[in-house]
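Note sheet for the following structure.
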Amino acid sequence: MRFLVMGAGSIGSVIGGFLQTGGHDVYFLGKGPHIEAVRADGLAISGIWGEHLVPVVRAASTVEAMLADGFSPEWTLLSVKSYDTESALRDLAPALDGQNGIISLQNGLGNVEAIARAAPGRAVGGRVIFGARTLEPGHVDVTVSADDVLLGPAPGGPHRVEEVARAFRDSGIPCRFEERILTYIWDKVLYNVLLNALATLLRTDYGSLWDDPDTSEVMRELAAEFYHVAEATGVELVSPDADAYMERFARDLLPPTREHRSSMQEDIEQERRTEIAALNGAVWRMGEELGMPTPVNELLTRMVRFLEP
């Protein structure tokens, strides 16, 4: 298969690198020192999935340069930040002809819907729940994996997504097909809604938030607001209600990541924009559209936005 990785940061580089070593034709799009190093010297991948070197990588900084290089993707793996989704899809427009689908491998709510608007019938959702970081330009490290990557078509989306999931799996990426992909995307977003903004504002790790009775109560209120919005939106979630989710959160989801700190906190420290608008901000926005107050999500969104550059 021919894959375009659009937004080849840490996660995109790992997935694209494994697909290329698995025998697929991969093109990387990105900007900055990392993509320059990958294009010049290849891509090194280390961490819990082993040591790998992709010595020759096709890469560029624009869709136009990719097309001039003679590459036409069958599938685009979209791994840009959520606030760049709309502009990335506009940039991708000249390369849409002949594509089977665009797969969101992103954080937050609204990305799959944006793809569906820009490319009707070709939107695919992905839930990525492994972690990676860039150690230096050209070298990415897989740090943690809580579960398989999940891939599934959005309502009205393309066929053959199961073939893509198989390509991921055969290339060494733990992956499975999931028909109810939106359910699992929302489930991952809920985890981030509970932890990312709160850990960023309080400059602490995830486990400390849960251990404290005050912050754990805030998390319960965030979950309750999230479930109210999801129910009103018609989205089925993995756990039947907020209380059941919090039990699963404490038992299964939190323990592997107790020591972790929010990547949003790193964004603030590096004076970068955060993805708060696609997390707590999305809950607040949808709540407003539904006439449903979400005061805790609103408060955290406003506070994180204050910290942004």
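Chain lettering (A, B, ...) mirrors the order of the structure tokens, residue numbering begins at 1 for each chain separately, and ligand numbering begins at 1 in order of display.
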
Once you count only C-alpha atoms, what closest atom pair and distance in Å to one decimal does each residue of segment 35-131 of chain A within 12 Å of segment 253-266 of chain A have, with rows by chain and rising residue number, as CSV?
```
residue,atom,partner,partner_atom,distance
A:Lys81,CA,A:Met264,CA,11.7
A:Asn107,CA,A:Ser263,CA,11.3
A:Ile129,CA,A:Leu253,CA,10.9
A:Phe130,CA,A:Thr257,CA,11.1
A:Gly131,CA,A:Ser263,CA,10.3
```

> Near segment 196-201 of chain A, counting only C-alpha atoms, which residues have an atom at most 9 Å away, once you skip same-chain residues fewer than 3 positions from it, shown as a PyMOL selection string?
Replying inline: chain A and resi 191-193+204-206+208-209+215+218-219+261-266+268+276+279-280+300-301+303-304+307

Dump N, CA and C atoms for the selected residues as a PDB file, in the first residue's frame?
```pdb
ATOM      1  N   TYR A 191     -10.405  10.221  28.869  1.00  0.00           N
ATOM      2  CA  TYR A 191      -9.191  10.051  29.680  1.00  0.00           C
ATOM      3  C   TYR A 191      -8.359  11.342  29.665  1.00  0.00           C
ATOM      4  N   ASN A 192      -8.190  11.918  28.486  1.00  0.00           N
ATOM      5  CA  ASN A 192      -7.411  13.155  28.374  1.00  0.00           C
ATOM      6  C   ASN A 192      -8.128  14.343  29.012  1.00  0.00           C
ATOM      7  N   VAL A 193      -9.446  14.379  28.900  1.00  0.00           N
ATOM      8  CA  VAL A 193     -10.233  15.454  29.511  1.00  0.00           C
ATOM      9  C   VAL A 193     -10.068  15.455  31.029  1.00  0.00           C
ATOM     10  N   THR A 204       1.599  18.614  38.004  1.00  0.00           N
ATOM     11  CA  THR A 204       1.788  17.371  38.739  1.00  0.00           C
ATOM     12  C   THR A 204       1.577  16.186  37.811  1.00  0.00           C
ATOM     13  N   ASP A 205       1.765  14.976  38.340  1.00  0.00           N
ATOM     14  CA  ASP A 205       1.576  13.754  37.565  1.00  0.00           C
ATOM     15  C   ASP A 205       0.140  13.254  37.731  1.00  0.00           C
ATOM     16  N   TYR A 206      -0.215  12.270  36.899  1.00  0.00           N
ATOM     17  CA  TYR A 206      -1.589  11.798  36.870  1.00  0.00           C
ATOM     18  C   TYR A 206      -1.993  11.113  38.179  1.00  0.00           C
ATOM     19  N   SER A 208      -1.002  11.594  41.224  1.00  0.00           N
ATOM     20  CA  SER A 208      -1.229  12.529  42.328  1.00  0.00           C
ATOM     21  C   SER A 208      -2.604  13.168  42.243  1.00  0.00           C
ATOM     22  N   LEU A 209      -3.083  13.404  41.031  1.00  0.00           N
ATOM     23  CA  LEU A 209      -4.417  13.972  40.869  1.00  0.00           C
ATOM     24  C   LEU A 209      -5.480  13.036  41.442  1.00  0.00           C
ATOM     25  N   THR A 215      -8.927  16.942  43.933  1.00  0.00           N
ATOM     26  CA  THR A 215      -8.773  16.851  42.482  1.00  0.00           C
ATOM     27  C   THR A 215      -9.480  15.622  41.912  1.00  0.00           C
ATOM     28  N   VAL A 218     -12.939  16.723  41.295  1.00  0.00           N
ATOM     29  CA  VAL A 218     -13.007  17.514  40.061  1.00  0.00           C
ATOM     30  C   VAL A 218     -13.062  16.584  38.844  1.00  0.00           C
ATOM     31  N   MET A 219     -12.252  15.530  38.865  1.00  0.00           N
ATOM     32  CA  MET A 219     -12.243  14.579  37.756  1.00  0.00           C
ATOM     33  C   MET A 219     -13.598  13.894  37.611  1.00  0.00           C
ATOM     34  N   ARG A 261       3.280  12.796  33.116  1.00  0.00           N
ATOM     35  CA  ARG A 261       2.855  14.193  33.130  1.00  0.00           C
ATOM     36  C   ARG A 261       2.256  14.532  31.780  1.00  0.00           C
ATOM     37  N   SER A 262       1.399  15.504  31.756  1.00  0.00           N
ATOM     38  CA  SER A 262       0.663  15.836  30.550  1.00  0.00           C
ATOM     39  C   SER A 262       1.584  16.423  29.480  1.00  0.00           C
ATOM     40  N   SER A 263       1.404  15.967  28.241  1.00  0.00           N
ATOM     41  CA  SER A 263       2.120  16.597  27.129  1.00  0.00           C
ATOM     42  C   SER A 263       1.682  18.044  26.955  1.00  0.00           C
ATOM     43  N   MET A 264       0.475  18.355  27.420  1.00  0.00           N
ATOM     44  CA  MET A 264       0.003  19.743  27.392  1.00  0.00           C
ATOM     45  C   MET A 264       0.891  20.621  28.264  1.00  0.00           C
ATOM     46  N   GLN A 265       1.363  20.073  29.366  1.00  0.00           N
ATOM     47  CA  GLN A 265       2.273  20.819  30.231  1.00  0.00           C
ATOM     48  C   GLN A 265       3.570  21.143  29.499  1.00  0.00           C
ATOM     49  N   GLU A 266       4.060  20.175  28.713  1.00  0.00           N
ATOM     50  CA  GLU A 266       5.257  20.428  27.904  1.00  0.00           C
ATOM     51  C   GLU A 266       4.994  21.516  26.872  1.00  0.00           C
ATOM     52  N   ILE A 268       2.977  24.054  27.169  1.00  0.00           N
ATOM     53  CA  ILE A 268       3.010  25.335  27.869  1.00  0.00           C
ATOM     54  C   ILE A 268       4.448  25.739  28.194  1.00  0.00           C
ATOM     55  N   ILE A 276      -6.180  22.099  23.825  1.00  0.00           N
ATOM     56  CA  ILE A 276      -7.287  22.212  24.768  1.00  0.00           C
ATOM     57  C   ILE A 276      -8.637  22.380  24.057  1.00  0.00           C
ATOM     58  N   LEU A 279     -10.253  19.124  23.411  1.00  0.00           N
ATOM     59  CA  LEU A 279     -10.446  18.279  24.593  1.00  0.00           C
ATOM     60  C   LEU A 279     -11.534  18.902  25.472  1.00  0.00           C
ATOM     61  N   ASN A 280     -11.165  19.503  26.601  1.00  0.00           N
ATOM     62  CA  ASN A 280     -12.168  20.140  27.462  1.00  0.00           C
ATOM     63  C   ASN A 280     -12.934  21.216  26.714  1.00  0.00           C
ATOM     64  N   LEU A 300     -11.571  24.972  33.142  1.00  0.00           N
ATOM     65  CA  LEU A 300     -10.227  24.483  32.814  1.00  0.00           C
ATOM     66  C   LEU A 300      -9.780  24.981  31.442  1.00  0.00           C
ATOM     67  N   THR A 301     -10.705  25.035  30.497  1.00  0.00           N
ATOM     68  CA  THR A 301     -10.360  25.544  29.165  1.00  0.00           C
ATOM     69  C   THR A 301      -9.899  26.992  29.238  1.00  0.00           C
ATOM     70  N   MET A 303      -8.647  28.592  31.759  1.00  0.00           N
ATOM     71  CA  MET A 303      -7.385  28.709  32.489  1.00  0.00           C
ATOM     72  C   MET A 303      -6.190  28.275  31.635  1.00  0.00           C
ATOM     73  N   VAL A 304      -6.345  27.189  30.882  1.00  0.00           N
ATOM     74  CA  VAL A 304      -5.254  26.747  30.005  1.00  0.00           C
ATOM     75  C   VAL A 304      -5.026  27.781  28.895  1.00  0.00           C
ATOM     76  N   LEU A 307      -2.707  30.446  29.810  1.00  0.00           N
ATOM     77  CA  LEU A 307      -1.290  30.092  29.841  1.00  0.00           C
ATOM     78  C   LEU A 307      -0.665  30.004  28.438  1.00  0.00           C
TER      79      LEU A 307
END
```

> Which of segment 98-280 of chain A counts as helix (DSSP H, G or I) under DSSP, as a ChimeraX atom specification please?
Replying inline: /A:111-118,161-170,181-202,206-211,213-233,242-253,255-257,263-269,276-278,280

Grab the residues selected above and save them as a PDB file, in the first residue's frame with C-alpha atoms.
```pdb
ATOM      1  CA  ASN A 111     -10.997  15.625  13.576  1.00  0.00           C
ATOM      2  CA  VAL A 112     -12.911  12.758  11.959  1.00  0.00           C
ATOM      3  CA  GLU A 113     -15.846  15.072  11.318  1.00  0.00           C
ATOM      4  CA  ALA A 114     -13.544  17.622   9.665  1.00  0.00           C
ATOM      5  CA  ILE A 115     -12.201  14.895   7.370  1.00  0.00           C
ATOM      6  CA  ALA A 116     -15.732  13.817   6.476  1.00  0.00           C
ATOM      7  CA  ARG A 117     -16.576  17.384   5.444  1.00  0.00           C
ATOM      8  CA  ALA A 118     -13.428  17.811   3.356  1.00  0.00           C
ATOM      9  CA  VAL A 161     -10.097  -0.332   6.452  1.00  0.00           C
ATOM     10  CA  GLU A 162      -9.629  -3.877   7.712  1.00  0.00           C
ATOM     11  CA  GLU A 163      -6.853  -4.256   5.124  1.00  0.00           C
ATOM     12  CA  VAL A 164      -5.118  -1.205   6.566  1.00  0.00           C
ATOM     13  CA  ALA A 165      -5.407  -2.600  10.091  1.00  0.00           C
ATOM     14  CA  ARG A 166      -3.846  -5.824   8.808  1.00  0.00           C
ATOM     15  CA  ALA A 167      -1.025  -3.847   7.157  1.00  0.00           C
ATOM     16  CA  PHE A 168      -0.328  -2.105  10.468  1.00  0.00           C
ATOM     17  CA  ARG A 169      -0.345  -5.407  12.332  1.00  0.00           C
ATOM     18  CA  ASP A 170       1.822  -7.244   9.801  1.00  0.00           C
ATOM     19  CA  ILE A 181     -14.403   3.575  16.290  1.00  0.00           C
ATOM     20  CA  LEU A 182     -16.103   6.787  17.460  1.00  0.00           C
ATOM     21  CA  THR A 183     -16.981   5.101  20.759  1.00  0.00           C
ATOM     22  CA  TYR A 184     -13.308   4.382  21.381  1.00  0.00           C
ATOM     23  CA  ILE A 185     -12.096   7.788  20.205  1.00  0.00           C
ATOM     24  CA  TRP A 186     -14.477   9.428  22.688  1.00  0.00           C
ATOM     25  CA  ASP A 187     -13.293   7.014  25.377  1.00  0.00           C
ATOM     26  CA  LYS A 188      -9.691   8.092  24.847  1.00  0.00           C
ATOM     27  CA  VAL A 189     -10.685  11.759  24.797  1.00  0.00           C
ATOM     28  CA  LEU A 190     -12.443  11.333  28.150  1.00  0.00           C
ATOM     29  CA  TYR A 191      -9.191  10.051  29.680  1.00  0.00           C
ATOM     30  CA  ASN A 192      -7.411  13.155  28.374  1.00  0.00           C
ATOM     31  CA  VAL A 193     -10.233  15.454  29.511  1.00  0.00           C
ATOM     32  CA  LEU A 194      -9.869  14.191  33.073  1.00  0.00           C
ATOM     33  CA  LEU A 195      -6.097  14.513  33.239  1.00  0.00           C
ATOM     34  CA  ASN A 196      -4.369  16.783  30.751  1.00  0.00           C
ATOM     35  CA  ALA A 197      -5.581  20.251  31.681  1.00  0.00           C
ATOM     36  CA  LEU A 198      -5.721  19.570  35.413  1.00  0.00           C
ATOM     37  CA  ALA A 199      -2.183  18.126  35.493  1.00  0.00           C
ATOM     38  CA  THR A 200      -0.930  21.055  33.425  1.00  0.00           C
ATOM     39  CA  LEU A 201      -2.475  23.688  35.667  1.00  0.00           C
ATOM     40  CA  LEU A 202      -1.267  22.006  38.861  1.00  0.00           C
ATOM     41  CA  TYR A 206      -1.589  11.798  36.870  1.00  0.00           C
ATOM     42  CA  GLY A 207      -1.445   9.578  39.944  1.00  0.00           C
ATOM     43  CA  SER A 208      -1.229  12.529  42.328  1.00  0.00           C
ATOM     44  CA  LEU A 209      -4.417  13.972  40.869  1.00  0.00           C
ATOM     45  CA  TRP A 210      -6.329  10.793  41.612  1.00  0.00           C
ATOM     46  CA  ASP A 211      -4.844  10.328  45.083  1.00  0.00           C
ATOM     47  CA  PRO A 213      -9.689  13.878  47.320  1.00  0.00           C
ATOM     48  CA  ASP A 214     -10.223  17.386  45.957  1.00  0.00           C
ATOM     49  CA  THR A 215      -8.773  16.851  42.482  1.00  0.00           C
ATOM     50  CA  SER A 216     -10.298  13.381  42.179  1.00  0.00           C
ATOM     51  CA  GLU A 217     -13.704  14.977  42.817  1.00  0.00           C
ATOM     52  CA  VAL A 218     -13.007  17.514  40.061  1.00  0.00           C
ATOM     53  CA  MET A 219     -12.243  14.579  37.756  1.00  0.00           C
ATOM     54  CA  ARG A 220     -15.561  12.947  38.652  1.00  0.00           C
ATOM     55  CA  GLU A 221     -17.360  16.189  37.758  1.00  0.00           C
ATOM     56  CA  LEU A 222     -15.491  16.361  34.433  1.00  0.00           C
ATOM     57  CA  ALA A 223     -16.585  12.803  33.660  1.00  0.00           C
ATOM     58  CA  ALA A 224     -20.209  13.557  34.538  1.00  0.00           C
ATOM     59  CA  GLU A 225     -20.252  16.575  32.198  1.00  0.00           C
ATOM     60  CA  PHE A 226     -18.637  14.519  29.432  1.00  0.00           C
ATOM     61  CA  TYR A 227     -21.247  11.763  29.750  1.00  0.00           C
ATOM     62  CA  HIS A 228     -24.110  14.260  29.659  1.00  0.00           C
ATOM     63  CA  VAL A 229     -22.781  15.761  26.420  1.00  0.00           C
ATOM     64  CA  ALA A 230     -22.084  12.360  24.855  1.00  0.00           C
ATOM     65  CA  GLU A 231     -25.588  11.126  25.673  1.00  0.00           C
ATOM     66  CA  ALA A 232     -27.173  14.251  24.220  1.00  0.00           C
ATOM     67  CA  THR A 233     -24.993  13.925  21.118  1.00  0.00           C
ATOM     68  CA  ALA A 242     -19.756   8.051  34.475  1.00  0.00           C
ATOM     69  CA  ASP A 243     -19.525   6.070  37.721  1.00  0.00           C
ATOM     70  CA  ALA A 244     -18.703   2.865  35.840  1.00  0.00           C
ATOM     71  CA  TYR A 245     -16.088   4.741  33.824  1.00  0.00           C
ATOM     72  CA  MET A 246     -14.413   6.087  36.963  1.00  0.00           C
ATOM     73  CA  GLU A 247     -14.221   2.563  38.366  1.00  0.00           C
ATOM     74  CA  ARG A 248     -12.557   1.355  35.156  1.00  0.00           C
ATOM     75  CA  PHE A 249     -10.329   4.429  35.128  1.00  0.00           C
ATOM     76  CA  ALA A 250      -9.010   3.724  38.636  1.00  0.00           C
ATOM     77  CA  ARG A 251      -8.700  -0.027  38.097  1.00  0.00           C
ATOM     78  CA  ASP A 252      -7.379  -0.309  34.515  1.00  0.00           C
ATOM     79  CA  LEU A 253      -6.540   2.998  32.848  1.00  0.00           C
ATOM     80  CA  PRO A 255      -2.177   2.505  36.908  1.00  0.00           C
ATOM     81  CA  PRO A 256       0.085   2.184  33.805  1.00  0.00           C
ATOM     82  CA  THR A 257       0.402   5.986  33.556  1.00  0.00           C
ATOM     83  CA  SER A 263       2.120  16.597  27.129  1.00  0.00           C
ATOM     84  CA  MET A 264       0.003  19.743  27.392  1.00  0.00           C
ATOM     85  CA  GLN A 265       2.273  20.819  30.231  1.00  0.00           C
ATOM     86  CA  GLU A 266       5.257  20.428  27.904  1.00  0.00           C
ATOM     87  CA  ASP A 267       3.448  22.552  25.312  1.00  0.00           C
ATOM     88  CA  ILE A 268       3.010  25.335  27.869  1.00  0.00           C
ATOM     89  CA  GLU A 269       6.631  25.088  29.027  1.00  0.00           C
ATOM     90  CA  ILE A 276      -7.287  22.212  24.768  1.00  0.00           C
ATOM     91  CA  ALA A 277      -9.912  23.275  22.196  1.00  0.00           C
ATOM     92  CA  ALA A 278     -10.296  19.657  21.034  1.00  0.00           C
ATOM     93  CA  ASN A 280     -12.168  20.140  27.462  1.00  0.00           C
TER      94      ASN A 280
END
```

>> Excluding segment 140-156 of chain A and its own-chain neighbours fewer than 6 positions away, which residues fall within 6 Å of it when counting only C-alpha atoms? Please give them as a list of chain:residue names.
In response: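 Non-adjacent residues within range: A:Ser10, A:Ile45, A:Ser46, A:Gly47, A:Ile48, A:Gly121, A:Ala123, A:Val124, A:Gly125, A:Gly126, A:Arg127, A:Val128, A:Ile129, A:Phe130, A:Gly131, A:Ala132, A:Arg133, A:Thr134, A:Pro174, A:Cys175, A:Arg176, A:Phe177, A:Glu178, A:Glu179, A:Ile181.
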
>> From the options A:Ala93, A:Val56, A:Val296, A:Ala68, which residue's atoms come nearest to Trp284 of chain A, counting only C-alpha atoms?
In response: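 Using only C-alpha atoms, Trp284 of chain A sits closest to A:Val296.
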
> Can you list, as a count of residues only, every residue of segment 6-216 of chain A that DSSP puts in strand (DSSP E)?
Replying inline: 52

>> For a test of reading the model, state the distance in Å between atom CA of Gly50 of chain A and atom CA of Pro137 of chain A, rounded to one decimal.
In response: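 Those two atoms sit 18.6 Å apart.
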
> Pick from A:Arg90, A:Lys31, A:Arg305, A:Arg39: nearest to Ser61 of chain A, with only C-alpha atoms counted?
Replying inline: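 Once distances to Ser61 of chain A are computed over only C-alpha atoms, the minimum belongs to A:Lys31.
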
> So which one's closest to Gly108 of chain A, A:Val283, A:Val63, A:Met292, A:Ala40? Using only C-alpha atoms, please.
Replying inline: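 Among the listed residues, the smallest separation from Gly108 of chain A belongs to A:Val283.
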